[in-house]
Every structure is written in structure tokens, then in C-alpha cells.
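This is start_20.cif. It holds mmCIF, C-alpha atoms, pLDDT in the B column; chains and numbers go by the auth columns.
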data_my_file
#
loop_
_atom_site.group_PDB
_atom_site.id
_atom_site.type_symbol
_atom_site.label_atom_id
_atom_site.label_comp_id
_atom_site.label_asym_id
_atom_site.label_seq_id
_atom_site.Cartn_x
_atom_site.Cartn_y
_atom_site.Cartn_z
_atom_site.B_iso_or_equiv
_atom_site.auth_seq_id
_atom_site.auth_asym_id
ATOM 1 C CA MET A 1 -76.147 39.871 -23.507 50.00 1 A
ATOM 2 C CA GLU A 2 -76.116 36.069 -23.426 52.00 2 A
ATOM 3 C CA GLN A 3 -74.433 35.922 -26.834 55.00 3 A
ATOM 4 C CA SER A 4 -71.818 38.395 -25.617 60.00 4 A
ATOM 5 C CA ASN A 5 -71.122 36.254 -22.547 58.00 5 A
ATOM 6 C CA ILE A 6 -70.735 33.157 -24.706 57.00 6 A
ATOM 7 C CA GLN A 7 -68.312 34.969 -27.021 63.00 7 A
ATOM 8 C CA SER A 8 -66.320 36.242 -24.048 68.00 8 A
ATOM 9 C CA SER A 9 -66.140 32.717 -22.624 71.00 9 A
ATOM 10 C CA LEU A 10 -64.900 31.306 -25.939 73.00 10 A
ATOM 11 C CA GLN A 11 -62.254 34.020 -26.195 84.00 11 A
ATOM 12 C CA SER A 12 -61.098 33.208 -22.658 86.00 12 A
ATOM 13 C CA HIS A 13 -60.740 29.539 -23.556 86.00 13 A
ATOM 14 C CA GLY A 14 -58.802 30.513 -26.677 91.00 14 A
ATOM 15 C CA ILE A 15 -56.416 32.644 -24.633 94.00 15 A
ATOM 16 C CA ILE A 16 -55.829 29.808 -22.174 95.00 16 A
ATOM 17 C CA VAL A 17 -55.101 27.369 -24.999 97.00 17 A
ATOM 18 C CA ALA A 18 -52.762 29.892 -26.626 97.00 18 A
ATOM 19 C CA LEU A 19 -50.822 30.540 -23.417 97.00 19 A
ATOM 20 C CA MET A 20 -50.483 26.829 -22.699 98.00 20 A
ATOM 21 C CA LEU A 21 -49.178 26.114 -26.205 98.00 21 A
ATOM 22 C CA LEU A 22 -46.787 29.063 -26.093 98.00 22 A
ATOM 23 C CA SER A 23 -45.494 27.876 -22.718 98.00 23 A
ATOM 24 C CA THR A 24 -44.599 24.530 -24.301 97.00 24 A
ATOM 25 C CA VAL A 25 -42.689 26.374 -27.007 98.00 25 A
ATOM 26 C CA ALA A 26 -40.710 28.028 -24.203 97.00 26 A
ATOM 27 C CA THR A 27 -40.065 24.699 -22.475 97.00 27 A
ATOM 28 C CA GLN A 28 -38.855 23.145 -25.736 95.00 28 A
ATOM 29 C CA ILE A 29 -36.324 25.946 -26.186 95.00 29 A
ATOM 30 C CA PHE A 30 -35.325 25.770 -22.507 96.00 30 A
ATOM 31 C CA TYR A 31 -34.885 22.003 -22.745 94.00 31 A
ATOM 32 C CA ILE A 32 -32.535 22.245 -25.717 92.00 32 A
ATOM 33 C CA ALA A 33 -30.605 25.277 -24.464 93.00 33 A
ATOM 34 C CA VAL A 34 -30.314 24.421 -20.770 94.00 34 A
ATOM 35 C CA VAL A 35 -31.616 21.044 -19.645 93.00 35 A
ATOM 36 C CA SER A 36 -29.828 18.825 -22.148 86.00 36 A
ATOM 37 C CA GLY A 37 -26.388 19.951 -20.961 84.00 37 A
ATOM 38 C CA ALA A 38 -27.076 20.700 -17.301 89.00 38 A
ATOM 39 C CA ASP A 39 -25.450 18.888 -14.380 88.00 39 A
ATOM 40 C CA ASN A 40 -28.870 18.528 -12.737 91.00 40 A
ATOM 41 C CA ALA A 41 -30.572 17.476 -15.960 90.00 41 A
ATOM 42 C CA ASP A 42 -32.714 14.798 -14.326 90.00 42 A
ATOM 43 C CA THR A 43 -34.334 17.265 -11.909 94.00 43 A
ATOM 44 C CA LEU A 44 -34.850 19.931 -14.563 95.00 44 A
ATOM 45 C CA ARG A 45 -36.243 17.339 -16.975 95.00 45 A
ATOM 46 C CA MET A 46 -38.801 16.245 -14.380 96.00 46 A
ATOM 47 C CA ILE A 47 -39.897 19.858 -13.803 96.00 47 A
ATOM 48 C CA VAL A 48 -40.145 20.631 -17.519 97.00 48 A
ATOM 49 C CA TRP A 49 -42.063 17.473 -18.397 97.00 49 A
ATOM 50 C CA THR A 50 -44.420 17.841 -15.449 97.00 50 A
ATOM 51 C CA TRP A 51 -45.258 21.382 -16.515 98.00 51 A
ATOM 52 C CA GLU A 52 -45.768 20.215 -20.089 98.00 52 A
ATOM 53 C CA ALA A 53 -48.167 17.526 -18.874 98.00 53 A
ATOM 54 C CA ILE A 54 -50.174 20.224 -17.069 98.00 54 A
ATOM 55 C CA ALA A 55 -50.060 22.660 -19.983 98.00 55 A
ATOM 56 C CA PHE A 56 -51.088 20.073 -22.559 98.00 56 A
ATOM 57 C CA SER A 57 -53.884 18.857 -20.269 98.00 57 A
ATOM 58 C CA LEU A 58 -55.311 22.383 -20.041 97.00 58 A
ATOM 59 C CA ALA A 59 -54.901 22.834 -23.799 98.00 59 A
ATOM 60 C CA THR A 60 -56.818 19.588 -24.315 97.00 60 A
ATOM 61 C CA VAL A 61 -59.735 20.788 -22.204 96.00 61 A
ATOM 62 C CA GLY A 62 -59.806 24.197 -23.899 95.00 62 A
ATOM 63 C CA GLY A 63 -59.496 22.655 -27.342 96.00 63 A
ATOM 64 C CA LEU A 64 -62.426 20.328 -26.690 95.00 64 A
ATOM 65 C CA VAL A 65 -64.619 23.208 -25.534 93.00 65 A
ATOM 66 C CA LEU A 66 -63.747 25.303 -28.579 93.00 66 A
ATOM 67 C CA ALA A 67 -64.119 22.387 -31.001 93.00 67 A
ATOM 68 C CA GLY A 68 -67.701 21.949 -29.822 87.00 68 A
ATOM 69 C CA ARG A 69 -68.701 25.599 -29.593 83.00 69 A
ATOM 70 C CA SER A 70 -66.517 27.747 -31.814 76.00 70 A
ATOM 71 C CA PRO A 71 -68.337 28.913 -34.960 68.00 71 A
ATOM 72 C CA VAL A 72 -65.031 29.115 -36.883 71.00 72 A
ATOM 73 C CA ALA A 73 -62.377 26.452 -37.560 85.00 73 A
ATOM 74 C CA ALA A 74 -63.713 23.810 -35.178 91.00 74 A
ATOM 75 C CA ALA A 75 -61.429 21.269 -36.885 94.00 75 A
ATOM 76 C CA ALA A 76 -58.398 23.284 -35.800 96.00 76 A
ATOM 77 C CA PHE A 77 -59.435 23.106 -32.160 96.00 77 A
ATOM 78 C CA ALA A 78 -60.142 19.396 -32.482 97.00 78 A
ATOM 79 C CA ALA A 79 -56.606 18.956 -33.840 97.00 79 A
ATOM 80 C CA ILE A 80 -55.240 20.991 -30.917 98.00 80 A
ATOM 81 C CA ALA A 81 -57.162 18.845 -28.422 97.00 81 A
ATOM 82 C CA ILE A 82 -56.005 15.554 -29.931 98.00 82 A
ATOM 83 C CA GLY A 83 -52.428 16.778 -30.376 98.00 83 A
ATOM 84 C CA SER A 84 -52.373 17.969 -26.777 98.00 84 A
ATOM 85 C CA ILE A 85 -53.638 14.715 -25.267 98.00 85 A
ATOM 86 C CA THR A 86 -51.126 12.853 -27.431 98.00 86 A
ATOM 87 C CA ASN A 87 -48.411 14.987 -25.873 97.00 87 A
ATOM 88 C CA VAL A 88 -49.715 14.303 -22.360 98.00 88 A
ATOM 89 C CA ILE A 89 -49.227 10.591 -23.045 98.00 89 A
ATOM 90 C CA GLN A 90 -45.816 11.223 -24.575 97.00 90 A
ATOM 91 C CA VAL A 91 -44.438 13.231 -21.638 97.00 91 A
ATOM 92 C CA GLY A 92 -46.080 10.746 -19.275 97.00 92 A
ATOM 93 C CA MET A 93 -44.019 8.004 -20.877 97.00 93 A
ATOM 94 C CA GLY A 94 -40.930 10.108 -20.286 96.00 94 A
ATOM 95 C CA LEU A 95 -41.756 10.672 -16.629 96.00 95 A
ATOM 96 C CA ALA A 96 -43.019 7.199 -15.769 96.00 96 A
ATOM 97 C CA GLU A 97 -41.292 4.810 -18.170 95.00 97 A
ATOM 98 C CA PHE A 98 -37.919 6.163 -19.271 94.00 98 A
ATOM 99 C CA GLY A 99 -36.230 5.528 -15.904 92.00 99 A
ATOM 100 C CA PRO A 100 -37.304 1.887 -15.453 94.00 100 A
ATOM 101 C CA ALA A 101 -36.727 1.135 -19.147 94.00 101 A
ATOM 102 C CA ARG A 102 -33.236 2.628 -19.038 91.00 102 A
ATOM 103 C CA GLY A 103 -32.433 0.355 -16.087 90.00 103 A
ATOM 104 C CA SER A 104 -33.430 -2.806 -17.928 90.00 104 A
ATOM 105 C CA GLU A 105 -30.741 -5.336 -18.709 89.00 105 A
ATOM 106 C CA ASP A 106 -32.132 -5.564 -22.231 91.00 106 A
ATOM 107 C CA SER A 107 -31.227 -2.334 -24.063 88.00 107 A
ATOM 108 C CA ALA A 108 -34.023 -2.983 -26.557 93.00 108 A
ATOM 109 C CA VAL A 109 -36.565 -2.187 -23.822 94.00 109 A
ATOM 110 C CA PHE A 110 -35.492 1.449 -23.553 94.00 110 A
ATOM 111 C CA GLY A 111 -35.134 1.742 -27.322 94.00 111 A
ATOM 112 C CA THR A 112 -38.688 0.519 -27.789 95.00 112 A
ATOM 113 C CA VAL A 113 -40.133 2.858 -25.167 96.00 113 A
ATOM 114 C CA ILE A 114 -38.343 5.940 -26.497 96.00 114 A
ATOM 115 C CA ALA A 115 -39.296 5.097 -30.092 96.00 115 A
ATOM 116 C CA GLY A 116 -42.942 4.885 -29.055 97.00 116 A
ATOM 117 C CA ALA A 117 -42.725 8.171 -27.168 97.00 117 A
ATOM 118 C CA PHE A 118 -41.231 9.920 -30.176 97.00 118 A
ATOM 119 C CA PHE A 119 -43.942 8.550 -32.462 98.00 119 A
ATOM 120 C CA LEU A 120 -46.450 10.331 -30.221 98.00 120 A
ATOM 121 C CA TYR A 121 -44.212 13.429 -30.193 97.00 121 A
ATOM 122 C CA PHE A 122 -44.219 13.530 -33.998 98.00 122 A
ATOM 123 C CA HIS A 123 -47.970 12.893 -34.096 98.00 123 A
ATOM 124 C CA GLY A 124 -48.704 15.798 -31.759 98.00 124 A
ATOM 125 C CA LYS A 125 -46.469 18.157 -33.733 98.00 125 A
ATOM 126 C CA ALA A 126 -48.163 17.127 -36.990 98.00 126 A
ATOM 127 C CA LEU A 127 -51.596 17.927 -35.536 98.00 127 A
ATOM 128 C CA PHE A 128 -50.453 21.313 -34.258 98.00 128 A
ATOM 129 C CA GLY A 129 -49.191 21.948 -37.777 98.00 129 A
ATOM 130 C CA LEU A 130 -52.609 21.044 -39.161 98.00 130 A
ATOM 131 C CA ALA A 131 -54.279 23.443 -36.727 97.00 131 A
ATOM 132 C CA ALA A 132 -51.826 26.186 -37.752 97.00 132 A
ATOM 133 C CA ILE A 133 -52.734 25.644 -41.420 97.00 133 A
ATOM 134 C CA ILE A 134 -56.485 25.853 -40.752 96.00 134 A
ATOM 135 C CA LEU A 135 -56.332 28.940 -38.535 95.00 135 A
ATOM 136 C CA GLY A 136 -53.665 30.510 -40.727 95.00 136 A
ATOM 137 C CA LEU A 137 -55.841 30.210 -43.816 94.00 137 A
ATOM 138 C CA ALA A 138 -58.788 31.691 -41.911 91.00 138 A
ATOM 139 C CA ALA A 139 -56.679 34.635 -40.739 91.00 139 A
ATOM 140 C CA PHE A 140 -55.257 35.201 -44.213 88.00 140 A
ATOM 141 C CA ALA A 141 -58.754 35.264 -45.721 86.00 141 A
ATOM 142 C CA LYS A 142 -60.576 37.373 -43.137 80.00 142 A
ATOM 143 C CA GLN A 143 -57.997 39.548 -41.385 73.00 143 A
ATOM 144 C CA GLY A 144 -55.781 42.299 -42.654 76.00 144 A
ATOM 145 C CA GLY A 145 -52.328 43.781 -42.298 82.00 145 A
ATOM 146 C CA LEU A 146 -49.951 42.089 -39.908 88.00 146 A
ATOM 147 C CA VAL A 147 -52.458 39.402 -38.980 90.00 147 A
ATOM 148 C CA LYS A 148 -52.726 38.339 -42.617 91.00 148 A
ATOM 149 C CA GLY A 149 -48.945 37.999 -42.686 92.00 149 A
ATOM 150 C CA LEU A 150 -49.020 36.034 -39.438 94.00 150 A
ATOM 151 C CA GLY A 151 -51.606 33.734 -40.990 94.00 151 A
ATOM 152 C CA ALA A 152 -49.395 33.162 -44.027 95.00 152 A
ATOM 153 C CA ILE A 153 -46.406 32.270 -41.845 96.00 153 A
ATOM 154 C CA ALA A 154 -48.598 29.943 -39.793 97.00 154 A
ATOM 155 C CA VAL A 155 -49.681 28.141 -42.966 97.00 155 A
ATOM 156 C CA LEU A 156 -46.092 27.712 -44.141 98.00 156 A
ATOM 157 C CA THR A 157 -44.727 26.517 -40.802 98.00 157 A
ATOM 158 C CA GLY A 158 -47.795 24.328 -40.319 98.00 158 A
ATOM 159 C CA ALA A 159 -47.299 22.668 -43.700 98.00 159 A
ATOM 160 C CA ALA A 160 -43.630 22.045 -42.913 98.00 160 A
ATOM 161 C CA SER A 161 -44.576 20.551 -39.551 98.00 161 A
ATOM 162 C CA VAL A 162 -47.171 18.226 -41.062 98.00 162 A
ATOM 163 C CA LEU A 163 -44.869 16.985 -43.827 98.00 163 A
ATOM 164 C CA ILE A 164 -41.750 16.500 -41.707 98.00 164 A
ATOM 165 C CA ASN A 165 -43.535 14.949 -38.742 98.00 165 A
ATOM 166 C CA VAL A 166 -45.657 12.590 -40.827 98.00 166 A
ATOM 167 C CA TYR A 167 -42.427 11.437 -42.488 98.00 167 A
ATOM 168 C CA ALA A 168 -40.898 10.937 -39.024 98.00 168 A
ATOM 169 C CA MET A 169 -43.972 8.997 -37.891 98.00 169 A
ATOM 170 C CA ALA A 170 -43.522 6.653 -40.836 97.00 170 A
ATOM 171 C CA THR A 171 -39.749 6.212 -40.627 96.00 171 A
ATOM 172 C CA GLY A 172 -39.060 6.623 -36.926 95.00 172 A
ATOM 173 C CA MET A 173 -36.366 8.653 -35.233 95.00 173 A
ATOM 174 C CA GLY A 174 -33.976 7.957 -38.100 93.00 174 A
ATOM 175 C CA ALA A 175 -30.337 6.943 -38.216 91.00 175 A
ATOM 176 C CA GLU A 176 -28.561 8.630 -35.297 91.00 176 A
ATOM 177 C CA ASN A 177 -31.886 10.375 -34.519 93.00 177 A
ATOM 178 C CA ALA A 178 -31.669 12.395 -37.721 95.00 178 A
ATOM 179 C CA ASN A 179 -35.430 13.007 -37.863 95.00 179 A
ATOM 180 C CA VAL A 180 -35.810 14.319 -34.316 95.00 180 A
ATOM 181 C CA GLN A 181 -34.402 17.834 -34.625 95.00 181 A
ATOM 182 C CA PRO A 182 -36.059 18.805 -37.958 97.00 182 A
ATOM 183 C CA ALA A 183 -39.406 17.438 -36.799 97.00 183 A
ATOM 184 C CA GLY A 184 -39.140 19.132 -33.423 96.00 184 A
ATOM 185 C CA ALA A 185 -38.043 22.456 -34.888 97.00 185 A
ATOM 186 C CA ALA A 186 -40.806 22.507 -37.504 98.00 186 A
ATOM 187 C CA GLY A 187 -43.427 21.518 -34.941 97.00 187 A
ATOM 188 C CA THR A 188 -42.244 24.090 -32.422 97.00 188 A
ATOM 189 C CA ALA A 189 -42.325 26.855 -35.041 98.00 189 A
ATOM 190 C CA ALA A 190 -45.853 25.871 -36.082 98.00 190 A
ATOM 191 C CA THR A 191 -46.958 25.786 -32.437 98.00 191 A
ATOM 192 C CA LEU A 192 -45.500 29.263 -31.888 98.00 192 A
ATOM 193 C CA PHE A 193 -47.462 30.838 -34.724 97.00 193 A
ATOM 194 C CA LEU A 194 -50.549 28.808 -33.843 97.00 194 A
ATOM 195 C CA GLY A 195 -50.425 30.191 -30.308 97.00 195 A
ATOM 196 C CA LEU A 196 -49.945 33.752 -31.587 96.00 196 A
ATOM 197 C CA LEU A 197 -52.930 33.402 -33.916 94.00 197 A
ATOM 198 C CA LEU A 198 -55.097 32.251 -31.030 94.00 198 A
ATOM 199 C CA LEU A 199 -54.305 35.510 -29.221 93.00 199 A
ATOM 200 C CA VAL A 200 -55.605 37.617 -32.127 87.00 200 A
ATOM 201 C CA PRO A 201 -59.189 38.836 -31.499 74.00 201 A
ATOM 202 C CA ALA A 202 -61.682 37.684 -34.117 64.00 202 A
ATOM 203 C CA LYS A 203 -62.519 40.366 -36.672 60.00 203 A
ATOM 204 C CA PRO A 204 -66.125 41.523 -36.209 52.00 204 A
ATOM 205 C CA GLU A 205 -68.486 40.475 -38.957 48.00 205 A
ATOM 206 C CA SER A 206 -69.584 43.391 -41.149 42.00 206 A
#
Re-express the file's structure as C-alpha cells.
Amino acid sequence: MEQSNIQSSLQSHGIIVALMLLSTVATQIFYIAVVSGADNADTLRMIVWTWEAIAFSLATVGGLVLAGRSPVAAAAFAAIAIGSITNVIQVGMGLAEFGPARGSEDSAVFGTVIAGAFFLYFHGKALFGLAAIILGLAAFAKQGGLVKGLGAIAVLTGAASVLINVYAMATGMGAENANVQPAGAAGTAATLFLGLLLLVPAKPES
């Protein structure tokens, strides 16, 4: 009975982490499709980033619990926890620092702050890609049918996220922000399939 309660608790934490990550996928899409061109962009941006700070905070807590107690793929949950806390810092910079930095007489101040925030953005996306690779490989090896296919897609999108975002970490936002969209898209795709994998119940051991 105790073992069953522990397993149920771990599954609950996994579901919470999954829902928080999937909610950030939704906010990323909403930001690009709505917020970036809205008349009330500042208000919507504050709402979106505040929610992301909450969601990533909860994902950090859940990831830490699972990294310490999950019998499978603990490294993936550690990557989720670190990537999530990185994103908390990144959105915190947006909420707390972008406004004052933008108002500085020296334009280099805002450029420096936003470059630092995007380094953290790329770092978080790379770690979510790593987690997608680890859990994707586990699903491909141990699950069957559609879940195996989901695992394969998670591995591919995770690998793309790691490669593109590590490159962006090294080279920055790029000329005319050329690295931002590919890195963001790859990371968001990896996060989507990572979140979906976390919702799949573990296959019982035979």
C-alpha cells in the first residue's frame, strides 16, 4: 500500500510538471500570435510573463521532487528543474528589468539586459530538449504503439532544441535577432512533446 501511495504521488507530480510545461507552450504561441501585435501589449505581456514565472516555479518544484525520487530518468527531471528555474530568472528579468533598462539614456543598457535574458531563454530551452531526449529514448525502448512514436518525435525535437539553442547560447541573439525564432520554435516543440510524454502512464514492469 505504501509503495502504491508513493507511485501515485510521483505520478501526480509528473502530471503537474507536464501541465505547467504545456501551459508555457500555450503562452509562447499566444505571445507570438496575439501579444506581440496587440495595442495593449504591455498589459498582456505582464500577464503572460507572470503566469510563466508561476508555471516554471511549480515545474521546478515538481522536477526536483521527481529527480530525487523517480526510479526512471532522474536526469531528465533534473534538467526540467534547472531549465525551469532558469526560465523563472529569465521572465523575472523581463518583468523587473526591461522597463527601467529601456528607459536608460544609454541604449547599451537595454541591449545588455535583453541579451542576458535571451541567454537564459536559450539555456532553458536546451535543457528541456535534453529532458525530451532522455524521456523520449525511455519511451521508445519500453513503450509500444503510439507512445513509441511520440518518444521518437520527442528525441528528434529535443535534439534540434539542444543543437540550435546551444548554438544561440554561444553566438547570442544573432544579426537582426536571427537566432531567436529558430531557437524558440525548436525549444517550444521539444517542450510540447516533453509535456505529452510526462502525461503517459508508466508501463507496468512484467
message = Which residues are near A:Thr188? Cut-off 10 Å, all atoms listed in the file, ignore same chain within fewer than 3 positions. Put them as a list in words.
response = Leu21, Leu22, Thr24, Val25, Ala26, Gln28, Ile29, Lys125, Phe128, Gly129, Thr157, Gly158, Ser161, Pro182, Ala183, Gly184, Ala185, Thr191, Leu192, Phe193 and Leu194 of chain A
Once the PyMOL selection byres ((chain A and resi 172) around 12) has been evaluated on this model, what residues remain selected, and can you format them as a compact mmCIF listing (two decimals) with C-alpha atoms, in the coordinates of the input?
# COMPACT_ATOMS: atom_id res chain seq x y z
CA GLY A 111 -35.13 1.74 -27.32
CA THR A 112 -38.69 0.52 -27.79
CA ILE A 114 -38.34 5.94 -26.50
CA ALA A 115 -39.30 5.10 -30.09
CA GLY A 116 -42.94 4.88 -29.06
CA ALA A 117 -42.72 8.17 -27.17
CA PHE A 118 -41.23 9.92 -30.18
CA PHE A 119 -43.94 8.55 -32.46
CA LEU A 120 -46.45 10.33 -30.22
CA TYR A 121 -44.21 13.43 -30.19
CA PHE A 122 -44.22 13.53 -34.00
CA HIS A 123 -47.97 12.89 -34.10
CA ILE A 164 -41.75 16.50 -41.71
CA ASN A 165 -43.54 14.95 -38.74
CA VAL A 166 -45.66 12.59 -40.83
CA TYR A 167 -42.43 11.44 -42.49
CA ALA A 168 -40.90 10.94 -39.02
CA MET A 169 -43.97 9.00 -37.89
CA ALA A 170 -43.52 6.65 -40.84
CA THR A 171 -39.75 6.21 -40.63
CA MET A 173 -36.37 8.65 -35.23
CA GLY A 174 -33.98 7.96 -38.10
CA ALA A 175 -30.34 6.94 -38.22
CA GLU A 176 -28.56 8.63 -35.30
CA ASN A 177 -31.89 10.38 -34.52
CA ALA A 178 -31.67 12.40 -37.72
CA ASN A 179 -35.43 13.01 -37.86
CA VAL A 180 -35.81 14.32 -34.32
CA ALA A 183 -39.41 17.44 -36.80
Need the shell around A:Arg45: protein/DNA/RNA residues with any atom at most 12 Å away, counting only C-alpha atoms. Skip same-chain ones fewer than 2 positions apart. Format as a compact mmCIF listing (two decimals) with C-alpha atoms, keeping the file's coordinate frame?
# COMPACT_ATOMS: atom_id res chain seq x y z
CA THR A 27 -40.06 24.70 -22.48
CA GLN A 28 -38.85 23.14 -25.74
CA PHE A 30 -35.33 25.77 -22.51
CA TYR A 31 -34.88 22.00 -22.74
CA ILE A 32 -32.53 22.24 -25.72
CA VAL A 34 -30.31 24.42 -20.77
CA VAL A 35 -31.62 21.04 -19.64
CA SER A 36 -29.83 18.82 -22.15
CA GLY A 37 -26.39 19.95 -20.96
CA ALA A 38 -27.08 20.70 -17.30
CA ASP A 39 -25.45 18.89 -14.38
CA ASN A 40 -28.87 18.53 -12.74
CA ALA A 41 -30.57 17.48 -15.96
CA ASP A 42 -32.71 14.80 -14.33
CA THR A 43 -34.33 17.26 -11.91
CA ILE A 47 -39.90 19.86 -13.80
CA VAL A 48 -40.15 20.63 -17.52
CA TRP A 49 -42.06 17.47 -18.40
CA THR A 50 -44.42 17.84 -15.45
CA TRP A 51 -45.26 21.38 -16.52
CA GLU A 52 -45.77 20.22 -20.09
CA VAL A 91 -44.44 13.23 -21.64
CA GLY A 94 -40.93 10.11 -20.29
CA LEU A 95 -41.76 10.67 -16.63
CA PHE A 98 -37.92 6.16 -19.27
CA GLY A 99 -36.23 5.53 -15.90
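Considering only C-alpha atoms, the residue among A:Gly136, A:Gly149, A:Gly144, A:Gly14 positioned nearest to A:Gly63 is A:Gly14.
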12 Å contact set for A:Leu64, all atoms listed in the file, chain neighbours under 5 positions out, as a ChimeraX atom specification = /A:10,13-14,17,57-59,69-70,74-85
request  = One decimal, Å: what's the distance from atom CA of A:Asn87 over to atom CA of A:Leu130, could you say?
outcome  = 15.2 Å
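Across the model, the gap from atom CA of A:Ser12 to atom CA of A:Ala160 is 29.0 Å.
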request  = Calculate how many Å separate atom CA of A:Val147 from atom CA of A:Ala67, rounding to one decimal.
outcome  = 22.1 Å
inquiry  = Which residue is closest to A:Val200? Choose from A:Leu137, A:Leu150, A:Ala132, A:Leu156 and count only C-alpha atoms.
reply    = A:Leu150
query = Can you list, as a ChimeraX atom specification, every protein, DNA or RNA residue that comes within 9 Å of A:Leu135 when you count only C-alpha atoms, leaving out same-chain residues fewer than 3 positions away?
reply = /A:72-73,76,130-132,138-140,151,154-155,194,197-198
Using all atoms of stretch 196-199 of chain A listed in the file and a margin of 5 Å per side, can you give the axis-aligned box centre and edge lengths in Å to one decimal, as JSON?
{"center_x": -52.5, "center_y": 33.9, "center_z": -31.6, "size_x": 15.2, "size_y": 13.3, "size_z": 14.7}
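Between A:Ala159 and the candidates A:Gln181, A:Gly145, A:Arg102, A:Gly187, the tightest atom-to-atom separation, counting all atoms listed in the file, involves A:Gly187.
Among the candidate residues A:Ala152, A:Met20, A:Met46, A:Met93, the one lying nearest to A:Thr60 is A:Met20, with distances computed using all atoms listed in the file.
Of the residues under consideration (A:Thr86, A:Ser107, A:Ile15, A:Leu44), A:Ile15 shows the shortest atom-to-atom contact distance to A:Gly62 when counting only C-alpha atoms.
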